[in-house]
Every structure is written in structure tokens, then in C-alpha cells.
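Working notes, structure below.
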Amino acid sequence: MRRIILERFNQGDLARAYDLCLAALVQQPDDGWFKHRAVLCLVRSGALERAELDFRRFRLSEASHDEDSLALGARLRKSMALEAGAGQVRELARVAAAQYHRIFSQTGGHYPGINAATLYLLAGDLQRSDDLAREVLASCRNATPTDAEEAYYRLASQAEAHLLLGDPGAAHMALRSAIACDRGNSMAHATTIRQLRMVVRLLQLSVPWLHALEPPRPCHFAGHLFHAGASADGIAPAREAGLALAVAEAFERENIGPCYGAIAAGADILVAEVAIERGNELHLVLPVPVNVFIDASVRPLGGEWVKRCEACLASAAAIHEVTTDRKLLSGQHIRFASEVAMGLARIRARALATSPIQLLVADDAPPADPFGTAHDRNVWKEAGLGQILVPVTGLKRYRGDDLASAITDPDFKQVLRAMLFVDVCGSSTVADDLVPVFVTSIMSVLAQVCEGLEPAPLHANSWGDGLFLAFHGVDEAAQAAEALRRAFSAIDLDALGLPESLALRIGGHYGPVHEGEDPLRKAPTLFGGQVAIASRIERATLPGSIFVSASFAAALAMAPGSAFRCEYVGQTAIDALMPEIGMYSLRAVAADCPAALDEAVSVGRA
């Protein structure tokens, strides 16, 4: 059973891993490993309130001999502190620091020690932070790393300790040495830089070198479609080579790393080829399956582009087909795929503790349509993110007037919608005599929340213990999901005599759907495969969590001023007949919390 749980956990199927842990605990109620892994699933998914409940219920704080369980409690408190508003941060940080400090006293390990030192600083206890930083330095000097990753973390802890002690020069040397030990571990580098930025902000230090040590910047790329050089309307080979050189120089100058975009003929392929030549990760985001996309956006501009496109596809790190549609039904498809590509680049930048950049091979003409390169440029600019324009003018551009085939049925229109499916997990365990209590005390509360939403859902439906809501945009849907989560969390299940195992789970998705009349209800509703995906995501959501698809998370990442964060939890099988999809945990964060302030520092450098 442990092997299966670890496999599910490592593949990001946290809901299944959590369920397996609970099932194992029925047979082995005292097994600390299953308890620890269950709570870790919750922490990883962002379900911090539920994690706190299970941490207490499993009495993991009493496992004084188990370092993993003790560290889990400290990690939970740290996560809460970093997402809390200014009025709560210090107290939560102090509790987490004390927990890490106790572990350090028992083990002498630099990891709990440096976490305690920084959290004491966040709590405002400068003296304890200073004293503990000195102890961590001594602990690091006595450690003997056994591999590259361990060597990295030892030196990174030293860098953090030096910075806590107000010595940026020594911190710089230690961090450079750490990165040299394990150059390919960008996620570890990002974790350290994020922690160091918090120290810099709290101590009001000047550390100009920190930005230069950030991992390579994720990039969204786009550009105009144009014909191949052999065509009378095509770009001359010498000019194309000049554009490729300008793109390569931008990659070098801006420290560009993973690239996200489409692979249409012209600018897209040109940028993708530069990325492949340089060894950058290439993530292709297509509005329809590959073969459909090639027929619509590559083949009409010349056979040479098809060969180059296929070579890029073969070298891509990932290919995201955001719908399974057999045609490009409308410009909504193109806009949708672009939003996903831009958002994925920004999410990746957040994970790497750096700022994303957009590279456009285009002119600076205003947008003629609500989709396309100029539209993408405006969306990115409104988000306040950095852009590079490699100008290309004087070419006969392929406008793609026939790129998308309009839907001919007048009773249906294709629209982009953000959808939520909401379910009370465990409702089948409610005794029959308590069903009226369940309906009036839980379902009625959730219904009142829905009635008070502003703006109101465009579509709303309910059945049994479930709800379906649809909105114009993802930020509206995210606000609704958080309002429902908070309302359910405030219900005292024990006082009502209802099972404490009841939990709300919410699944969210965003995509193009068909809007038309329900033949039975005679009211407008939504149809299509994207609706089915939304319903399946809810079933794969961890109790107490809000899980959303990659497209929802990506669109939310580009929403101006959003108060939400999406954290990747892994690829998950949502249905036996559907491919696995990337899932993200959605959480609301205070604008003045440490996590949000760190991101503001990064974006400010764009």
C-alpha cells in the first residue's frame, strides 16, 4: 500500500493518495506513516485548514520521536504564516519558528535551524534570529555532504545565515558556490532566492546581486504568420536569418529559459527553432489537436513550414492541446490557447521566483481582432510584465480570415466560460434522520452564498449535494469558490450532529463551450466537452480544497490584480476515457502577505 501511495503522490494524484491513506488507517489506525502522508497531501494541495484539522485529529504533534511529523507541523505553520495578512503574520511565524527551533535542538540539522532563524526574523525577534543564524553556520561547517543536492542546501543555508547576520558579501559567495554544486536544480535555487528576498525585505538590505542569480526567465512568444521564402510573398532567407539572430540575441540578453507559445507558420516556428537550438525547454500550447492546427495554421503558408513545424513538435518538451475539437470553430479558440500559454509562462516564473517576459516577432499595429498577436501584446502589457519586440514590417502577412470556421447553428454560440462544480464530500454518510439538518444547515447556506455573489453566475444549477456555476471570467469564479469554501468552513458540524468527515470540494475549469437552450428545462445552459472536464475535476479534488485545471490557473495568472494563487499539484487522471490533466490548487492570499510581497518584488523587475 505504501508503494502505491508514494506512486500516486509523486505523480501528483493527491486526492487518490489521500483516500488511500485514510483507507489504510482503517486497518492500521496507529500507523504514523499513513497519518503523516495524509496530512502532507493536504499541505501540498493548499488545503491548509483541512491539514490543520487532520494534524490535530491524528495527534501528530505528540510524535516527539518522529522528526518528519514534527517538521510537518512546522511546515504547516510556516505555510499559514506566509499566506496570512499583516496582522497575523508575526504570531504564526513565531509558532512555526519555535517548532523548527525544537527540531534543530534535537537534531542539529541546518534545514530546521535556518527555517527557525528566518521565521524568528519574520516574527520580529531579531535577537533569536541572530543567535540561531550563528548556530546554523557552525552546524553547516561540521556537516559533510554526500551528494550535490545536499551540498547545495548546506551552502544555501550558510548564505541565508550570512544574510540574516547582515553580511551580504559572504551570502553572495556562499550562494554562488551553492549553485555551482547543483546547477540544474532550478526549483531548489528558486526556493532559496524566495527565502533570501524575504530576508532582504525584512532587514532593508541592498543586495543587487540576488537578481542576477535567479533561474532563467520563462518566456511567452508569439508573432505574425507569413509565407515561406520560396513564395513570391514570402520572407527572403537573409531577412529570416536576421530575425533569427535578433531573437537569439534577445534570449541571451534577457536570460530566457522555458518558452511557451504556439507553432504556427512564420514567427512562431522561427522562435521555436531558436529555443531548440539553444537547448531551451519548448512548451507548445495549441487551440486544437496537432493535425488540425497544422492544417489550419501551417500548411496554407507553404510545405516548407510543415516540415519545420514537425521538427519543432518532435523536439518540444510538452505539447498542450487545450481542446479536442476537430476544427478551429472560432477566434475564441485562438484567444483561449494564447491565454493558457501566457498564464503557464507566468505560473512557471512564480515557481522559479523570477519574472516572465514576452517575445514578439511582429509590428506594433493595434489589434484588429479580439485575438491574435496584438491582442496578446496588450494582455501582457496590462499585466505589467516585460516585453521584447523584434520588429518585422513590410511583409504580406497572412491574416487568416478563414483560420476559424464559424458555428452555423443559430441556436448555439461558442463562448469562453469559467465553470465550478461543487460537492459536499461524505454526504452519503449522513444518517437519514439528519438529512433535513444537512439540507437546511449546509445546502441552504451554500445557496445563500450563491445568491449574494456579485456579479451573479451566468448559469447556476443544483442537484442533491452538488452545485454547478458558470461565470464570464476566472477571477469571478475564483471569488465564488473561495466564498463557498469559507462559508462551509464556518459551519460547526459537531454542533449540528453531522459527521466531522464532511468536507467541501470544488473543481474549476475554463474553456470554450456551446451556449444553448436546455431541451428539458427550456433555459439557457452550457454544453460540450469542456463542461465534462469541469465535472470530472471536482471528483478528483481533495476534500477541503479547490482544484482547477491548467487553463483555469493560467487565465487567472493573467487576470489583473487577482488575489489568488494557483500551485501545481501534478498530473491527474480525471476519467478513465480522458487523458491525465495538470491540476492546480487555488487559494486566496492577502495582498500584504509575505508570499504576495515576494511576487511583487519579482514582477517589479520585469
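Residues in the C-alpha cells are numbered from 1 in each chain, the chains being A, B, ... in the order shown, and ligands are numbered from 1 in the order shown.
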
Handout entry: Residue neighbourhood region 111-127 of chain A, 8 Å, only C-alpha atoms, exclusion window fewer than 5 positions, as a PyMOL selection string
Key = chain A and resi 71+78+89-94+96-101+103-104+132-133+135-136+153+157+160-161+164+199+202

Exercise for the section: Pull the strand (DSSP E) assignments for region 159-229 of chain A out of DSSP run on the backbone, and list those residues as a PyMOL selection string. Expected result: chain A and resi 217-223

Problem - Within 9 Å of Arg16 (chain A) using only C-alpha atoms, minus same-chain residues under 4 positions, as a VMD selection string - result: chain A and resid 5 8 to 9 20 to 21 540 to 542

Could you turn the residues from that selection into a file that holds N, CA, C and O atoms, as a PDB file, in the first residue's frame?
ATOM      1  N   ILE A   5       0.744   4.417  -2.646  1.00  0.00           N
ATOM      2  CA  ILE A   5       0.519   5.792  -2.189  1.00  0.00           C
ATOM      3  C   ILE A   5       1.642   6.706  -2.661  1.00  0.00           C
ATOM      4  O   ILE A   5       1.397   7.827  -3.145  1.00  0.00           O
ATOM      5  N   ARG A   8       1.230   7.447  -6.362  1.00  0.00           N
ATOM      6  CA  ARG A   8       0.174   8.434  -6.603  1.00  0.00           C
ATOM      7  C   ARG A   8       0.635   9.828  -6.173  1.00  0.00           C
ATOM      8  O   ARG A   8       0.388  10.819  -6.853  1.00  0.00           O
ATOM      9  N   PHE A   9       1.308   9.903  -5.030  1.00  0.00           N
ATOM     10  CA  PHE A   9       1.785  11.190  -4.509  1.00  0.00           C
ATOM     11  C   PHE A   9       2.799  11.804  -5.468  1.00  0.00           C
ATOM     12  O   PHE A   9       2.717  12.984  -5.816  1.00  0.00           O
ATOM     13  N   LEU A  20      -6.290   6.768  -0.197  1.00  0.00           N
ATOM     14  CA  LEU A  20      -5.622   5.506   0.127  1.00  0.00           C
ATOM     15  C   LEU A  20      -5.055   5.531   1.543  1.00  0.00           C
ATOM     16  O   LEU A  20      -5.076   4.508   2.248  1.00  0.00           O
ATOM     17  N   CYS A  21      -4.533   6.675   1.966  1.00  0.00           N
ATOM     18  CA  CYS A  21      -4.026   6.797   3.343  1.00  0.00           C
ATOM     19  C   CYS A  21      -5.145   6.586   4.356  1.00  0.00           C
ATOM     20  O   CYS A  21      -4.978   5.865   5.358  1.00  0.00           O
ATOM     21  N   ALA A 540     -12.012  14.611  -8.674  1.00  0.00           N
ATOM     22  CA  ALA A 540     -10.614  14.312  -8.359  1.00  0.00           C
ATOM     23  C   ALA A 540     -10.016  15.304  -7.373  1.00  0.00           C
ATOM     24  O   ALA A 540      -8.814  15.281  -7.127  1.00  0.00           O
ATOM     25  N   THR A 541     -10.861  16.155  -6.800  1.00  0.00           N
ATOM     26  CA  THR A 541     -10.374  17.190  -5.881  1.00  0.00           C
ATOM     27  C   THR A 541     -10.279  16.655  -4.457  1.00  0.00           C
ATOM     28  O   THR A 541     -11.134  15.892  -4.007  1.00  0.00           O
ATOM     29  N   LEU A 542      -9.249  17.072  -3.772  1.00  0.00           N
ATOM     30  CA  LEU A 542      -9.048  16.668  -2.379  1.00  0.00           C
ATOM     31  C   LEU A 542     -10.092  17.351  -1.485  1.00  0.00           C
ATOM     32  O   LEU A 542     -10.377  18.537  -1.667  1.00  0.00           O
TER      33      LEU A 542
END

Exercise for the section: Using CA of Ile334 (chain A) and CA of Gly372 (chain A) as the two end points, give the distance in Å to one decimal. Expected result: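 These atoms are spaced 7.1 Å apart.
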
Exercise for the section: Tell me which of A:His472, A:Arg521, A:Arg217, A:Lys413 sits closest to Pro457 (chain A), counting only C-alpha atoms. Expected result: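 The answer is A:His472, which sits nearest to Pro457 (chain A).
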
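By chain and then residue number, the residues within 8 Å of region 28-33 of chain A are Ala24, Arg37 and Leu60 of chain A, counting only C-alpha atoms and disregarding those fewer than 4 positions away in sequence.
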
File dump, residues just selected, N, CA, C and O atoms, as a short mmCIF file (atom, residue, chain, number, x, y, z; two decimals), in the first residue's frame:
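This went into again-v7.cif:
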data_model
loop_
_atom_site.label_atom_id
_atom_site.label_comp_id
_atom_site.auth_asym_id
_atom_site.auth_seq_id
_atom_site.Cartn_x
_atom_site.Cartn_y
_atom_site.Cartn_z
N ALA A 24 -6.09 2.97 4.49
CA ALA A 24 -5.09 2.19 5.21
C ALA A 24 -5.23 2.38 6.71
O ALA A 24 -5.01 1.44 7.49
N ARG A 37 1.64 11.06 5.77
CA ARG A 37 1.48 11.24 4.32
C ARG A 37 0.12 11.85 4.00
O ARG A 37 0.00 12.66 3.06
N LEU A 60 -0.40 14.17 15.56
CA LEU A 60 0.98 14.08 15.07
C LEU A 60 1.93 14.94 15.90
O LEU A 60 3.14 14.67 15.93
#

Please report, as CSV, each residue of region 151-211 of chain A lying at most 10 Å from region 347-357 of chain A, together with the nearest pair of atoms and the separation in Å rounded to one decimal; use only C-alpha atoms, and order rows by chain and ascending residue number.
residue,atom,partner,partner_atom,distance
A:Ser186,CA,A:Leu352,CA,6.8
A:Met187,CA,A:Leu352,CA,6.0
A:Ala188,CA,A:Leu352,CA,8.7
A:His189,CA,A:Leu352,CA,7.8
A:Ala190,CA,A:Leu352,CA,4.8
A:Thr191,CA,A:Ala353,CA,7.4
A:Thr192,CA,A:Ala353,CA,9.1
A:Ile193,CA,A:Ala353,CA,6.8
A:Arg194,CA,A:Ala353,CA,6.0
A:Gln195,CA,A:Ala353,CA,9.7
A:Arg197,CA,A:Ala353,CA,9.5
A:His211,CA,A:Thr354,CA,8.2

Would you export the selected residues with N, CA and C atoms as an mmCIF file, in the first residue's frame, please?
data_model
loop_
_atom_site.group_PDB
_atom_site.id
_atom_site.type_symbol
_atom_site.label_atom_id
_atom_site.label_comp_id
_atom_site.auth_asym_id
_atom_site.auth_seq_id
_atom_site.Cartn_x
_atom_site.Cartn_y
_atom_site.Cartn_z
ATOM 1 N N SER A 186 16.934 24.114 -10.619
ATOM 2 C CA SER A 186 16.345 25.455 -10.607
ATOM 3 C C SER A 186 15.292 25.620 -9.524
ATOM 4 N N MET A 187 14.526 24.564 -9.227
ATOM 5 C CA MET A 187 13.490 24.695 -8.200
ATOM 6 C C MET A 187 14.107 24.940 -6.832
ATOM 7 N N ALA A 188 15.220 24.262 -6.536
ATOM 8 C CA ALA A 188 15.900 24.496 -5.265
ATOM 9 C C ALA A 188 16.446 25.919 -5.214
ATOM 10 N N HIS A 189 17.029 26.383 -6.334
ATOM 11 C CA HIS A 189 17.547 27.752 -6.386
ATOM 12 C C HIS A 189 16.420 28.750 -6.134
ATOM 13 N N ALA A 190 15.255 28.489 -6.725
ATOM 14 C CA ALA A 190 14.119 29.398 -6.566
ATOM 15 C C ALA A 190 13.661 29.469 -5.117
ATOM 16 N N THR A 191 13.609 28.305 -4.451
ATOM 17 C CA THR A 191 13.207 28.287 -3.037
ATOM 18 C C THR A 191 14.151 29.138 -2.199
ATOM 19 N N THR A 192 15.454 29.016 -2.451
ATOM 20 C CA THR A 192 16.440 29.803 -1.703
ATOM 21 C C THR A 192 16.289 31.290 -1.996
ATOM 22 N N ILE A 193 16.165 31.645 -3.259
ATOM 23 C CA ILE A 193 16.061 33.065 -3.629
ATOM 24 C C ILE A 193 14.805 33.682 -3.043
ATOM 25 N N ARG A 194 13.714 32.936 -3.051
ATOM 26 C CA ARG A 194 12.479 33.454 -2.461
ATOM 27 C C ARG A 194 12.678 33.737 -0.963
ATOM 28 N N GLN A 195 13.363 32.821 -0.288
ATOM 29 C CA GLN A 195 13.624 32.995 1.146
ATOM 30 C C GLN A 195 14.564 34.187 1.382
ATOM 31 N N ARG A 197 14.988 36.797 -0.540
ATOM 32 C CA ARG A 197 14.299 38.059 -0.828
ATOM 33 C C ARG A 197 13.478 38.523 0.371
ATOM 34 N N HIS A 211 19.272 39.361 -7.965
ATOM 35 C CA HIS A 211 18.512 39.249 -9.208
ATOM 36 C C HIS A 211 19.308 38.472 -10.262
#

What's the 12 Å shell around Val474 (chain A), counting only C-alpha atoms, without same-chain residues fewer than 5 positions away, as an mmCIF file with N, CA and C atoms, in the first residue's frame?
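Generated file (result-v4.cif):
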data_model
loop_
_atom_site.group_PDB
_atom_site.id
_atom_site.type_symbol
_atom_site.label_atom_id
_atom_site.label_comp_id
_atom_site.auth_asym_id
_atom_site.auth_seq_id
_atom_site.Cartn_x
_atom_site.Cartn_y
_atom_site.Cartn_z
ATOM 1 N N GLU A 339 -4.157 32.677 -24.009
ATOM 2 C CA GLU A 339 -4.289 32.961 -22.575
ATOM 3 C C GLU A 339 -3.630 31.868 -21.750
ATOM 4 N N LEU A 416 -16.369 31.651 -24.074
ATOM 5 C CA LEU A 416 -15.415 31.235 -23.051
ATOM 6 C C LEU A 416 -16.070 31.391 -21.691
ATOM 7 N N ARG A 417 -16.061 30.342 -20.906
ATOM 8 C CA ARG A 417 -16.699 30.395 -19.591
ATOM 9 C C ARG A 417 -15.806 29.734 -18.532
ATOM 10 N N ALA A 418 -15.861 30.299 -17.325
ATOM 11 C CA ALA A 418 -15.224 29.698 -16.153
ATOM 12 C C ALA A 418 -16.308 28.942 -15.395
ATOM 13 N N MET A 419 -16.057 27.665 -15.116
ATOM 14 C CA MET A 419 -17.088 26.799 -14.525
ATOM 15 C C MET A 419 -16.627 26.208 -13.199
ATOM 16 N N LEU A 420 -17.565 26.087 -12.268
ATOM 17 C CA LEU A 420 -17.314 25.449 -10.975
ATOM 18 C C LEU A 420 -18.305 24.311 -10.766
ATOM 19 N N PRO A 457 -23.692 34.485 -10.983
ATOM 20 C CA PRO A 457 -23.326 33.491 -12.002
ATOM 21 C C PRO A 457 -24.202 33.631 -13.241
ATOM 22 N N LEU A 469 -21.926 26.160 -11.318
ATOM 23 C CA LEU A 469 -21.948 27.605 -11.535
ATOM 24 C C LEU A 469 -21.045 27.939 -12.712
ATOM 25 N N GLN A 479 -13.441 33.933 -6.888
ATOM 26 C CA GLN A 479 -14.055 34.600 -5.737
ATOM 27 C C GLN A 479 -15.249 33.810 -5.222
ATOM 28 N N ALA A 480 -16.043 33.270 -6.143
ATOM 29 C CA ALA A 480 -17.196 32.463 -5.733
ATOM 30 C C ALA A 480 -16.746 31.198 -5.014
ATOM 31 N N ALA A 481 -15.726 30.536 -5.546
ATOM 32 C CA ALA A 481 -15.226 29.303 -4.928
ATOM 33 C C ALA A 481 -14.720 29.576 -3.520
ATOM 34 N N GLY A 508 -12.686 23.551 -10.672
ATOM 35 C CA GLY A 508 -12.870 24.656 -11.596
ATOM 36 C C GLY A 508 -12.199 24.402 -12.935
ATOM 37 N N HIS A 509 -12.805 24.902 -13.992
ATOM 38 C CA HIS A 509 -12.236 24.760 -15.342
ATOM 39 C C HIS A 509 -12.641 25.969 -16.170
ATOM 40 N N TYR A 510 -11.872 26.236 -17.213
ATOM 41 C CA TYR A 510 -12.114 27.375 -18.093
ATOM 42 C C TYR A 510 -11.893 26.930 -19.526
ATOM 43 N N GLY A 511 -12.815 27.264 -20.405
ATOM 44 C CA GLY A 511 -12.633 26.869 -21.789
ATOM 45 C C GLY A 511 -13.801 27.262 -22.664
ATOM 46 N N VAL A 548 -8.252 23.322 -9.719
ATOM 47 C CA VAL A 548 -8.636 23.866 -11.017
ATOM 48 C C VAL A 548 -7.704 23.316 -12.089
ATOM 49 N N SER A 549 -8.157 23.382 -13.327
ATOM 50 C CA SER A 549 -7.369 22.909 -14.457
ATOM 51 C C SER A 549 -6.253 23.895 -14.767
ATOM 52 N N ALA A 550 -5.314 23.446 -15.620
ATOM 53 C CA ALA A 550 -4.226 24.318 -16.043
ATOM 54 C C ALA A 550 -4.752 25.535 -16.783
ATOM 55 N N SER A 551 -5.808 25.363 -17.582
ATOM 56 C CA SER A 551 -6.343 26.507 -18.323
ATOM 57 C C SER A 551 -6.972 27.532 -17.389
ATOM 58 N N PHE A 552 -7.652 27.078 -16.340
ATOM 59 C CA PHE A 552 -8.212 27.991 -15.342
ATOM 60 C C PHE A 552 -7.078 28.721 -14.626
ATOM 61 N N ALA A 553 -6.089 27.970 -14.165
ATOM 62 C CA ALA A 553 -4.964 28.571 -13.436
ATOM 63 C C ALA A 553 -4.209 29.562 -14.308
ATOM 64 N N ALA A 554 -4.020 29.220 -15.579
ATOM 65 C CA ALA A 554 -3.274 30.090 -16.486
ATOM 66 C C ALA A 554 -4.029 31.391 -16.743
ATOM 67 N N ALA A 555 -5.322 31.291 -16.995
ATOM 68 C CA ALA A 555 -6.117 32.503 -17.229
ATOM 69 C C ALA A 555 -6.138 33.376 -15.976
ATOM 70 N N LEU A 556 -6.199 32.748 -14.805
ATOM 71 C CA LEU A 556 -6.205 33.511 -13.560
ATOM 72 C C LEU A 556 -4.872 34.214 -13.334
ATOM 73 N N ALA A 557 -3.778 33.577 -13.757
ATOM 74 C CA ALA A 557 -2.454 34.183 -13.604
ATOM 75 C C ALA A 557 -2.346 35.482 -14.393
ATOM 76 N N MET A 558 -3.113 35.616 -15.461
ATOM 77 C CA MET A 558 -3.070 36.820 -16.282
ATOM 78 C C MET A 558 -4.164 37.820 -15.919
ATOM 79 N N ALA A 559 -5.005 37.488 -14.950
ATOM 80 C CA ALA A 559 -6.073 38.406 -14.541
ATOM 81 C C ALA A 559 -5.476 39.550 -13.723
ATOM 82 N N PRO A 560 -5.685 40.801 -14.119
ATOM 83 C CA PRO A 560 -5.089 41.934 -13.400
ATOM 84 C C PRO A 560 -5.556 41.998 -11.946
ATOM 85 N N SER A 562 -5.436 39.971 -9.403
ATOM 86 C CA SER A 562 -6.101 38.833 -8.765
ATOM 87 C C SER A 562 -5.515 38.587 -7.373
ATOM 88 N N ALA A 563 -6.390 38.218 -6.443
ATOM 89 C CA ALA A 563 -5.972 37.951 -5.061
ATOM 90 C C ALA A 563 -5.800 36.458 -4.810
ATOM 91 N N PHE A 564 -5.569 35.705 -5.876
ATOM 92 C CA PHE A 564 -5.499 34.254 -5.743
ATOM 93 C C PHE A 564 -4.174 33.720 -6.270
ATOM 94 N N CYS A 566 -2.354 29.953 -7.621
ATOM 95 C CA CYS A 566 -2.552 28.565 -8.036
ATOM 96 C C CYS A 566 -1.215 27.841 -7.955
ATOM 97 N N LEU A 586 -6.086 26.075 -5.789
ATOM 98 C CA LEU A 586 -6.414 27.501 -5.772
ATOM 99 C C LEU A 586 -6.576 27.974 -4.339
#

Practice task
Identify, on the basis of only C-alpha atoms, every residue whose closest approach to region 445-451 of chain A does not exceed 10 Å; exclude the query and any residue fewer than 3 positions from it along the same chain; express the result as a ChimeraX atom specification.
Solution key: /A:422,439-442,454-457,460,462,466-467,469,480-481,483-488,491

Put those residues in a file: all heavy atoms, as a short mmCIF file (atom, residue, chain, number, x, y, z; two decimals), in the first residue's frame.
data_model
loop_
_atom_site.label_atom_id
_atom_site.label_comp_id
_atom_site.auth_asym_id
_atom_site.auth_seq_id
_atom_site.Cartn_x
_atom_site.Cartn_y
_atom_site.Cartn_z
N VAL A 422 -19.34 21.94 -7.50
CA VAL A 422 -19.18 21.95 -6.04
C VAL A 422 -19.91 20.75 -5.46
O VAL A 422 -21.04 20.45 -5.85
CB VAL A 422 -19.76 23.26 -5.44
CG1 VAL A 422 -19.49 23.33 -3.94
CG2 VAL A 422 -19.21 24.48 -6.16
N VAL A 439 -29.63 19.58 4.72
CA VAL A 439 -30.14 20.47 3.66
C VAL A 439 -30.28 21.90 4.16
O VAL A 439 -29.85 22.85 3.49
CB VAL A 439 -31.49 19.94 3.12
CG1 VAL A 439 -32.10 20.95 2.14
CG2 VAL A 439 -31.31 18.59 2.46
N THR A 440 -30.87 22.08 5.36
CA THR A 440 -31.14 23.44 5.84
C THR A 440 -29.89 24.13 6.39
O THR A 440 -29.78 25.35 6.31
CB THR A 440 -32.21 23.41 6.94
OG1 THR A 440 -31.78 22.54 8.01
CG2 THR A 440 -33.54 22.91 6.39
N SER A 441 -28.94 23.36 6.94
CA SER A 441 -27.77 23.95 7.58
C SER A 441 -26.55 24.01 6.68
O SER A 441 -25.60 24.75 6.97
CB SER A 441 -27.41 23.18 8.86
OG SER A 441 -28.49 23.19 9.77
N ILE A 442 -26.53 23.23 5.61
CA ILE A 442 -25.38 23.24 4.71
C ILE A 442 -25.77 23.70 3.31
O ILE A 442 -25.28 24.72 2.82
CB ILE A 442 -24.70 21.86 4.66
CG1 ILE A 442 -24.06 21.54 6.02
CG2 ILE A 442 -23.65 21.81 3.55
CD1 ILE A 442 -23.30 20.23 6.06
N GLU A 454 -21.57 38.72 -6.43
CA GLU A 454 -21.59 39.89 -7.31
C GLU A 454 -20.28 39.94 -8.09
O GLU A 454 -19.22 40.12 -7.50
CB GLU A 454 -21.76 41.16 -6.47
CG GLU A 454 -21.87 42.43 -7.28
CD GLU A 454 -23.03 42.43 -8.24
OE1 GLU A 454 -24.14 41.98 -7.85
OE2 GLU A 454 -22.82 42.88 -9.39
N PRO A 455 -20.33 39.74 -9.41
CA PRO A 455 -21.52 39.53 -10.24
C PRO A 455 -22.13 38.14 -10.03
O PRO A 455 -21.43 37.21 -9.61
CB PRO A 455 -20.99 39.70 -11.66
CG PRO A 455 -19.57 39.29 -11.57
CD PRO A 455 -19.09 39.76 -10.23
N ALA A 456 -23.40 38.04 -10.36
CA ALA A 456 -24.10 36.76 -10.21
C ALA A 456 -23.62 35.77 -11.27
O ALA A 456 -23.16 36.18 -12.35
CB ALA A 456 -25.61 36.98 -10.35
N PRO A 457 -23.69 34.48 -10.98
CA PRO A 457 -23.33 33.49 -12.00
C PRO A 457 -24.20 33.63 -13.24
O PRO A 457 -25.38 33.97 -13.15
CB PRO A 457 -23.58 32.15 -11.30
CG PRO A 457 -23.65 32.47 -9.83
CD PRO A 457 -24.14 33.86 -9.73
N ALA A 460 -26.55 28.71 -13.10
CA ALA A 460 -26.49 28.09 -11.78
C ALA A 460 -27.48 26.94 -11.74
O ALA A 460 -28.61 27.06 -12.21
CB ALA A 460 -26.79 29.09 -10.68
N SER A 462 -28.39 23.07 -9.30
CA SER A 462 -28.07 22.24 -8.14
C SER A 462 -28.73 20.88 -8.28
O SER A 462 -29.73 20.73 -9.00
CB SER A 462 -28.54 22.91 -6.84
OG SER A 462 -29.95 22.93 -6.78
N GLY A 466 -24.81 18.82 -4.71
CA GLY A 466 -23.89 19.46 -5.65
C GLY A 466 -24.42 20.74 -6.25
O GLY A 466 -25.63 21.01 -6.25
N LEU A 467 -23.51 21.56 -6.77
CA LEU A 467 -23.83 22.82 -7.43
C LEU A 467 -23.01 22.93 -8.71
O LEU A 467 -21.88 22.45 -8.78
CB LEU A 467 -23.49 24.02 -6.54
CG LEU A 467 -24.12 24.11 -5.15
CD1 LEU A 467 -23.47 25.26 -4.37
CD2 LEU A 467 -25.62 24.34 -5.26
N LEU A 469 -21.93 26.16 -11.32
CA LEU A 469 -21.95 27.61 -11.54
C LEU A 469 -21.04 27.94 -12.71
O LEU A 469 -20.00 27.31 -12.90
CB LEU A 469 -21.45 28.35 -10.29
CG LEU A 469 -22.12 28.02 -8.95
CD1 LEU A 469 -21.36 28.69 -7.81
CD2 LEU A 469 -23.57 28.46 -8.96
N ALA A 480 -16.04 33.27 -6.14
CA ALA A 480 -17.20 32.46 -5.73
C ALA A 480 -16.75 31.20 -5.01
O ALA A 480 -17.31 30.81 -3.98
CB ALA A 480 -18.03 32.11 -6.96
N ALA A 481 -15.73 30.54 -5.55
CA ALA A 481 -15.23 29.30 -4.93
C ALA A 481 -14.72 29.58 -3.52
O ALA A 481 -15.00 28.81 -2.58
CB ALA A 481 -14.11 28.70 -5.79
N ALA A 483 -15.59 32.06 -1.53
CA ALA A 483 -16.72 32.41 -0.67
C ALA A 483 -17.45 31.15 -0.20
O ALA A 483 -17.84 31.03 0.97
CB ALA A 483 -17.68 33.33 -1.41
N LEU A 484 -17.63 30.19 -1.08
CA LEU A 484 -18.27 28.93 -0.71
C LEU A 484 -17.41 28.14 0.27
O LEU A 484 -17.92 27.57 1.24
CB LEU A 484 -18.54 28.10 -1.97
CG LEU A 484 -19.66 28.63 -2.88
CD1 LEU A 484 -19.57 27.96 -4.25
CD2 LEU A 484 -21.03 28.38 -2.25
N ARG A 485 -16.11 28.12 0.03
CA ARG A 485 -15.20 27.40 0.92
C ARG A 485 -15.24 27.99 2.33
O ARG A 485 -15.31 27.26 3.33
CB ARG A 485 -13.78 27.43 0.37
CG ARG A 485 -12.79 26.55 1.13
CD ARG A 485 -11.35 26.86 0.78
NE ARG A 485 -10.97 28.19 1.27
CZ ARG A 485 -10.64 28.46 2.53
NH1 ARG A 485 -10.66 27.50 3.44
NH2 ARG A 485 -10.31 29.68 2.90
N ARG A 486 -15.19 29.31 2.40
CA ARG A 486 -15.21 29.97 3.72
C ARG A 486 -16.52 29.72 4.44
O ARG A 486 -16.54 29.49 5.66
CB ARG A 486 -14.97 31.46 3.54
CG ARG A 486 -13.53 31.84 3.20
CD ARG A 486 -13.37 33.35 3.14
NE ARG A 486 -12.01 33.72 2.82
CZ ARG A 486 -11.04 33.84 3.71
NH1 ARG A 486 -11.30 33.59 4.99
NH2 ARG A 486 -9.83 34.19 3.35
N ALA A 487 -17.61 29.79 3.72
CA ALA A 487 -18.92 29.58 4.34
C ALA A 487 -19.04 28.17 4.91
O ALA A 487 -19.54 27.98 6.03
CB ALA A 487 -20.03 29.84 3.32
N PHE A 488 -18.55 27.20 4.17
CA PHE A 488 -18.62 25.82 4.67
C PHE A 488 -17.70 25.64 5.88
O PHE A 488 -18.08 24.98 6.85
CB PHE A 488 -18.22 24.84 3.57
CG PHE A 488 -18.40 23.40 3.97
CD1 PHE A 488 -19.60 22.75 3.73
CD2 PHE A 488 -17.38 22.70 4.60
CE1 PHE A 488 -19.77 21.42 4.12
CE2 PHE A 488 -17.55 21.39 5.00
CZ PHE A 488 -18.75 20.74 4.76
N ILE A 491 -19.17 26.44 9.30
CA ILE A 491 -20.26 25.62 9.84
C ILE A 491 -19.73 24.69 10.92
O ILE A 491 -18.75 23.97 10.71
CB ILE A 491 -20.94 24.80 8.72
CG1 ILE A 491 -21.57 25.75 7.69
CG2 ILE A 491 -21.98 23.86 9.29
CD1 ILE A 491 -22.09 25.03 6.44
#

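With only C-alpha atoms as the basis for measurement, A:Val437 is the residue among A:Ala17, A:Ala86, A:Leu344, A:Val437 that approaches Ala495 (chain A) most closely.
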